[in-house]
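Enquirer: Supplied in structure tokens, the structure appears directly below.
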Amino acid sequence: MKRSFIPFGYKLMLTYFLFVLIPVIIVGSFSYQSSINSAREQTRQNLQGTLSQIRDNIMYKMKEAERVSEQLYFDEQLQSFLRNYEDGWDSLETTKKYLMPMFSNAINVFSQPALLKVYINNTSIPEVYSDQDPNRNPLKVPGYEILYLKRLEEQEWFKTLELPAENDKGISWLQVENDKTFSNISVIRRLMDFDRQKYLGITRTVIGLEDLLESVDYLKIGEKSSLFVLNKSGSTLKASGMLNGDSLETETSGNTNLRIEESVHGVDWKIVAMVPNSLLEKDAKNVLRITILLGAASIIIVLVIGLLVSNYYSKRVRKIVYSLHAFKEGDFQKRIRFKWNDEFAQIADAFNKMGDNVEELIKEVYLANIQKKEAELESLQAQINPHFLYNTLSSISRLAKFGEIDKLHEMVLGLAKFYRLTLNKGRMLISVQKELEQAGAYIAIQNIKFRNRLQVWYDIQIEVLGYETVKLILQPFVENALEHALFGKSINIKVTAHLDQGMIIFRIIDDGIGMRQETIDQIFVQNGVNIGYGIRNVDERIKLQYGNRYGVEIYSRLGIGTCVTIRVPAEKNK
């Protein structure tokens with residue numbers, strides 16, 4: 001009985017309207033969340049980069065301040081002055097001529113106002129100081145002072161001062177005496193006598209904290225944000241921004257801020273940024289609004305288009321396309337089966353019949369091509385042997401003419417061995433070992449002909465002997481070298497064979513006259529060119545057997561020599 005025919009478009013429309021809304025909602029939600037997460041992550045990375053720039057600026061200024069004390073720390077002349085105890089006029093002269101200019105130069109190289117205080121053990125050197133008003137910022141009168149270390153013995157900060165001799169060369173960043181009052185900070189460093197390992201005193205370089213932390217500005221990370229710089233103990237060195245209080249604890253209260261940190265290396269300081277979450281999500285509402293509008297527009301557009309082209313989009317269409325792709329990739333076993341008796345069932349029936357016909361045609365063509373390929377290989381093989389035989393018989397004739405019976409006998413035996421290996425019981429493939437023996441038999445014949453004018457070396461990797469190759473691929477190149485490359489009294493030839501990435505690489509290298517690149521290009525041209533017949537023969541036989549990936553390459557330079565490279569796949573001898 002004839003089955004009822006229901007158009008495919010009617011079947012598709014029954015479910016299309018039900019499922020069109022689901023993917024739009026899923027895609028819209030995913031797009032919204034992805035946009036928000038991407039914006040948050042991008043903002044976080046930008047803020048982290050800004051903090052890194054602020055940190056680098058602070059560290060640059062800190063290094064500049066440390067160089068002032070470093071200049072004195074490594075000054076051996078200063079160590080010499082401070083270790084010598086002289087009285088009266090000599091000590092005064094040392095102070096005026098050497099110490100005062102030295103400290104003046106050290107403080108003048110600093111780009112910001114600074115006060116250098118050098119506390120020394122040597123009481124024979126007179127003190128140099130200015131009358132500082134305790135109620136005035138000492139940086140108002142920058143310069144230097146030379147003071148005795150005993151002035152600090154009662155200072156609490158000096159009693160607890162830790163300046164390890166080996167760690168960071170004894171540098172500490174501290175707020176001591178009236179530093180906090182005037183928002184300053186001191187770089188304190190030990191003075192050592194390297195020769196005697198003796199403690200000479202300390203240097204204290206006072207700089208403005210605002211100058212050091214000038215780059216700490218909350219506007220660099222955004223409005224309503226806050227920036228803090230904390231020292232090793234967690235105390236606030238500087239705070240900047242829309243602050244709810246003057247401490248980090250006040251800003252941290254609640255969950256309205258995102259905290260981002262960056263460490264200042266070498267001093268255990270931290271730069272902490274408090275960023276309101278509202279700054280990270282300020283574009284969220286716009287993204288949500290755009291997503292909803294795009295989702296609604298997509299639903300309307302998809303529904304309208306679906307009414308017009310529903311017959312063209314279905315699983316059956318994809319199934320047909322998938323089968324066609326399989327045909328394109330060479331898989332002709334694919335068949336299509338449809339349950340309903342509609343247009344797609346008719347397409348499937350025609351498709352399956354076409355597959356059967358194509359498969360039969362391929363089998364016939366494949367067998368014909370195999371036979372053609374074997375015939376071409378045999379034809380190419382047959383072409384090269386008469387050429388070698390003619391040359392060898394000519395040499396035998398010359399030996400007979402001159403009565404060299406022993407050499408004639410050797411050449412005939414070599415020729416017999418060569419052809420025994422060449423025949424190879426009618427097989428086109430030969431082991432690499434026999435191919436090398438065949439080339440050796442030819443070279444033995446030529447050694448009789450050329451006597452001492454021919455020298456041959458071999459470099460054979462032992463592993464290649466167990467593989468197979470197309471026969472008679474080495475001898476033609478040795479013959480070419482003797483016929484065309486020989487110039488002068490002698491020629492040297494090297495034959496190599498080794499494995500490389502799944503291939504066997506043969507090379508025949510000579511030190512003959514070489515040839516031009518134009519000649520090499522003409523050899524591989526097959527449009528009636530009469531040169532390089534033997535080379536093309538070998539190249540064509542290899543490509544017919546293994547494909548275009550393999551074959552012959554030639555590199556040559558005039559007056560230097562020629563290198564022929566032959567590549568065949570590394571296939572085991574069967």
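By order of appearance in the structure tokens: chains A, B, ..., then residues from 1 within every chain, and ligands from 1 in the order shown.
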Report as a PDB file with N, CA, C and O atoms, in the first residue's frame all protein, DNA and RNA residues lying within 7 Å of region 222-225 of chain A, evaluated on only C-alpha atoms, omitting residues in the same chain fewer than 6 positions from it.

Expert:
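Heads up, here's the output in selection-v3.pdb:
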```
ATOM      1  N   GLY A 241      42.348  59.346  48.751  1.00  0.00           N
ATOM      2  CA  GLY A 241      41.099  58.940  48.122  1.00  0.00           C
ATOM      3  C   GLY A 241      39.874  59.417  48.858  1.00  0.00           C
ATOM      4  O   GLY A 241      39.929  60.216  49.802  1.00  0.00           O
ATOM      5  N   MET A 242      38.713  58.899  48.417  1.00  0.00           N
ATOM      6  CA  MET A 242      37.423  59.224  49.034  1.00  0.00           C
ATOM      7  C   MET A 242      37.282  58.384  50.293  1.00  0.00           C
ATOM      8  O   MET A 242      36.648  57.323  50.314  1.00  0.00           O
ATOM      9  N   MET A 274      41.413  50.128  47.504  1.00  0.00           N
ATOM     10  CA  MET A 274      40.036  49.755  47.828  1.00  0.00           C
ATOM     11  C   MET A 274      39.144  50.362  46.741  1.00  0.00           C
ATOM     12  O   MET A 274      38.999  51.583  46.652  1.00  0.00           O
ATOM     13  N   VAL A 275      38.560  49.492  45.906  1.00  0.00           N
ATOM     14  CA  VAL A 275      37.780  49.932  44.760  1.00  0.00           C
ATOM     15  C   VAL A 275      36.320  49.553  44.989  1.00  0.00           C
ATOM     16  O   VAL A 275      36.018  48.381  45.254  1.00  0.00           O
ATOM     17  N   PRO A 276      35.394  50.485  44.907  1.00  0.00           N
ATOM     18  CA  PRO A 276      33.977  50.157  45.098  1.00  0.00           C
ATOM     19  C   PRO A 276      33.508  49.179  44.015  1.00  0.00           C
ATOM     20  O   PRO A 276      33.876  49.289  42.845  1.00  0.00           O
TER      21      PRO A 276
END
```

Enquirer: Would you list the contacts of Asp459 (chain A) as a list of chain:residue names, taking every protein, DNA or RNA residue within 9 Å and counting only C-alpha atoms, but skipping same-chain residues closer than 4 positions in sequence?

Expert: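 Residues near the query, excluding close chain neighbours: A:Lys494, A:Val495, A:Thr496, A:Ala497, A:His498.
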
Enquirer: Counting only C-alpha atoms, which of A:Thr291, A:Asn108, A:Ser183, A:Ser226 gets nearest to Asp211 (chain A)?

Expert: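 Result for the nearest residue to Asp211 (chain A): A:Ser183.
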
Enquirer: Which residues come within 12 Å of Thr94 (chain A), counting only C-alpha atoms, excluding same-chain residues fewer than 6 positions away, as a list in words?

Expert: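 Neighbouring residues, sequence-local ones excluded: Gln77, Leu78, Ser80, Phe81, Leu82, Asn84, Tyr85, Glu86, Asp87, Gly88, Met100, Pro101, Met102, Ser124, Ile125 and Pro126 of chain A.
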
Enquirer: Can you pull out the residues contacting region 41-54 of chain A? Cut-off 7 Å, using only C-alpha atoms, and skip same-chain residues under 3 positions away; I want them as a list in words.

Expert: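 My list of contacting residues is Asn37, Ser38, Asn57, Ile58, Ser215, Val216, Ile221, Glu262 and Leu280 of chain A.
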
Enquirer: Quick one: of A:His325, A:Lys353, A:Lys471, A:Lys489, who's nearest to Leu454 (chain A), counting only C-alpha atoms?

Expert: A:Lys489

Enquirer: I'd like to know which residues of region 184-251 of chain A are strand (DSSP E) (by DSSP, run on the backbone); could you write them as a ChimeraX atom specification?

Expert: /A:184-193,198-208,226-230,236-241

Enquirer: Need to verify the contact set: region 389-405 of chain A, 8 Å, only C-alpha atoms, exclusion of same-chain residues closer than 5 positions in sequence. Can you return it as a list in words?

Expert: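 Close residues of region 389-405 of chain A: Met411, Val412, Leu415 and Lys449 of chain A.
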
Enquirer: Store the residues picked out above, limited to all heavy atoms, as a short mmCIF file (atom, residue, chain, number, x, y, z; two decimals), in the first residue's frame.

Expert:
```cif
data_model
loop_
_atom_site.label_atom_id
_atom_site.label_comp_id
_atom_site.auth_asym_id
_atom_site.auth_seq_id
_atom_site.Cartn_x
_atom_site.Cartn_y
_atom_site.Cartn_z
N MET A 411 86.26 -7.69 -14.60
CA MET A 411 85.13 -6.86 -15.02
C MET A 411 83.93 -7.72 -15.40
O MET A 411 82.78 -7.38 -15.11
CB MET A 411 85.56 -5.95 -16.18
CG MET A 411 84.47 -4.98 -16.61
SD MET A 411 85.05 -3.75 -17.82
CE MET A 411 86.08 -2.73 -16.78
N VAL A 412 84.18 -8.86 -16.08
CA VAL A 412 83.08 -9.74 -16.46
C VAL A 412 82.40 -10.30 -15.21
O VAL A 412 81.17 -10.37 -15.12
CB VAL A 412 83.59 -10.87 -17.38
CG1 VAL A 412 82.50 -11.93 -17.59
CG2 VAL A 412 84.03 -10.30 -18.72
N LEU A 415 80.36 -7.59 -13.71
CA LEU A 415 79.14 -7.37 -14.49
C LEU A 415 78.10 -8.45 -14.18
O LEU A 415 76.91 -8.18 -14.07
CB LEU A 415 79.49 -7.34 -15.98
CG LEU A 415 78.32 -7.11 -16.94
CD1 LEU A 415 77.72 -5.73 -16.70
CD2 LEU A 415 78.80 -7.24 -18.39
N LYS A 449 88.47 0.26 -14.68
CA LYS A 449 88.56 1.17 -15.82
C LYS A 449 89.40 2.40 -15.47
O LYS A 449 90.27 2.82 -16.24
CB LYS A 449 87.16 1.57 -16.25
CG LYS A 449 87.12 2.60 -17.36
CD LYS A 449 85.69 2.95 -17.71
CE LYS A 449 85.62 4.05 -18.77
NZ LYS A 449 84.22 4.42 -19.09
#
```

Enquirer: Which polymer residues have any atom within 9 Å of an atom of Lys232 (chain A), counting only C-alpha atoms, with same-chain residues fewer than 4 positions away left out, as an MDAnalysis selection string?

Expert: chainID A and resid 267:270

Enquirer: Fewer than 6 positions away in the same chain doesn't count, so skip those; otherwise give me all residues within 12 Å of Asn135 (chain A), counting only C-alpha atoms, as a PyMOL selection string.

Expert: chain A and resi 178-179+181-182

Enquirer: At what distance in Å, to one decimal, does CA of Ile473 (chain A) lie from CA of Val538 (chain A)?

Expert: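 According to the coordinates, CA of Val538 (chain A) and CA of Ile473 (chain A) are separated by 5.7 Å.
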
Enquirer: Of the candidates A:Ala350, A:Leu237, A:Leu361, A:Leu213, which one gets nearest to Met59 (chain A) if we count only C-alpha atoms?

Expert: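 Of all the options, A:Leu213 lies closest to Met59 (chain A).
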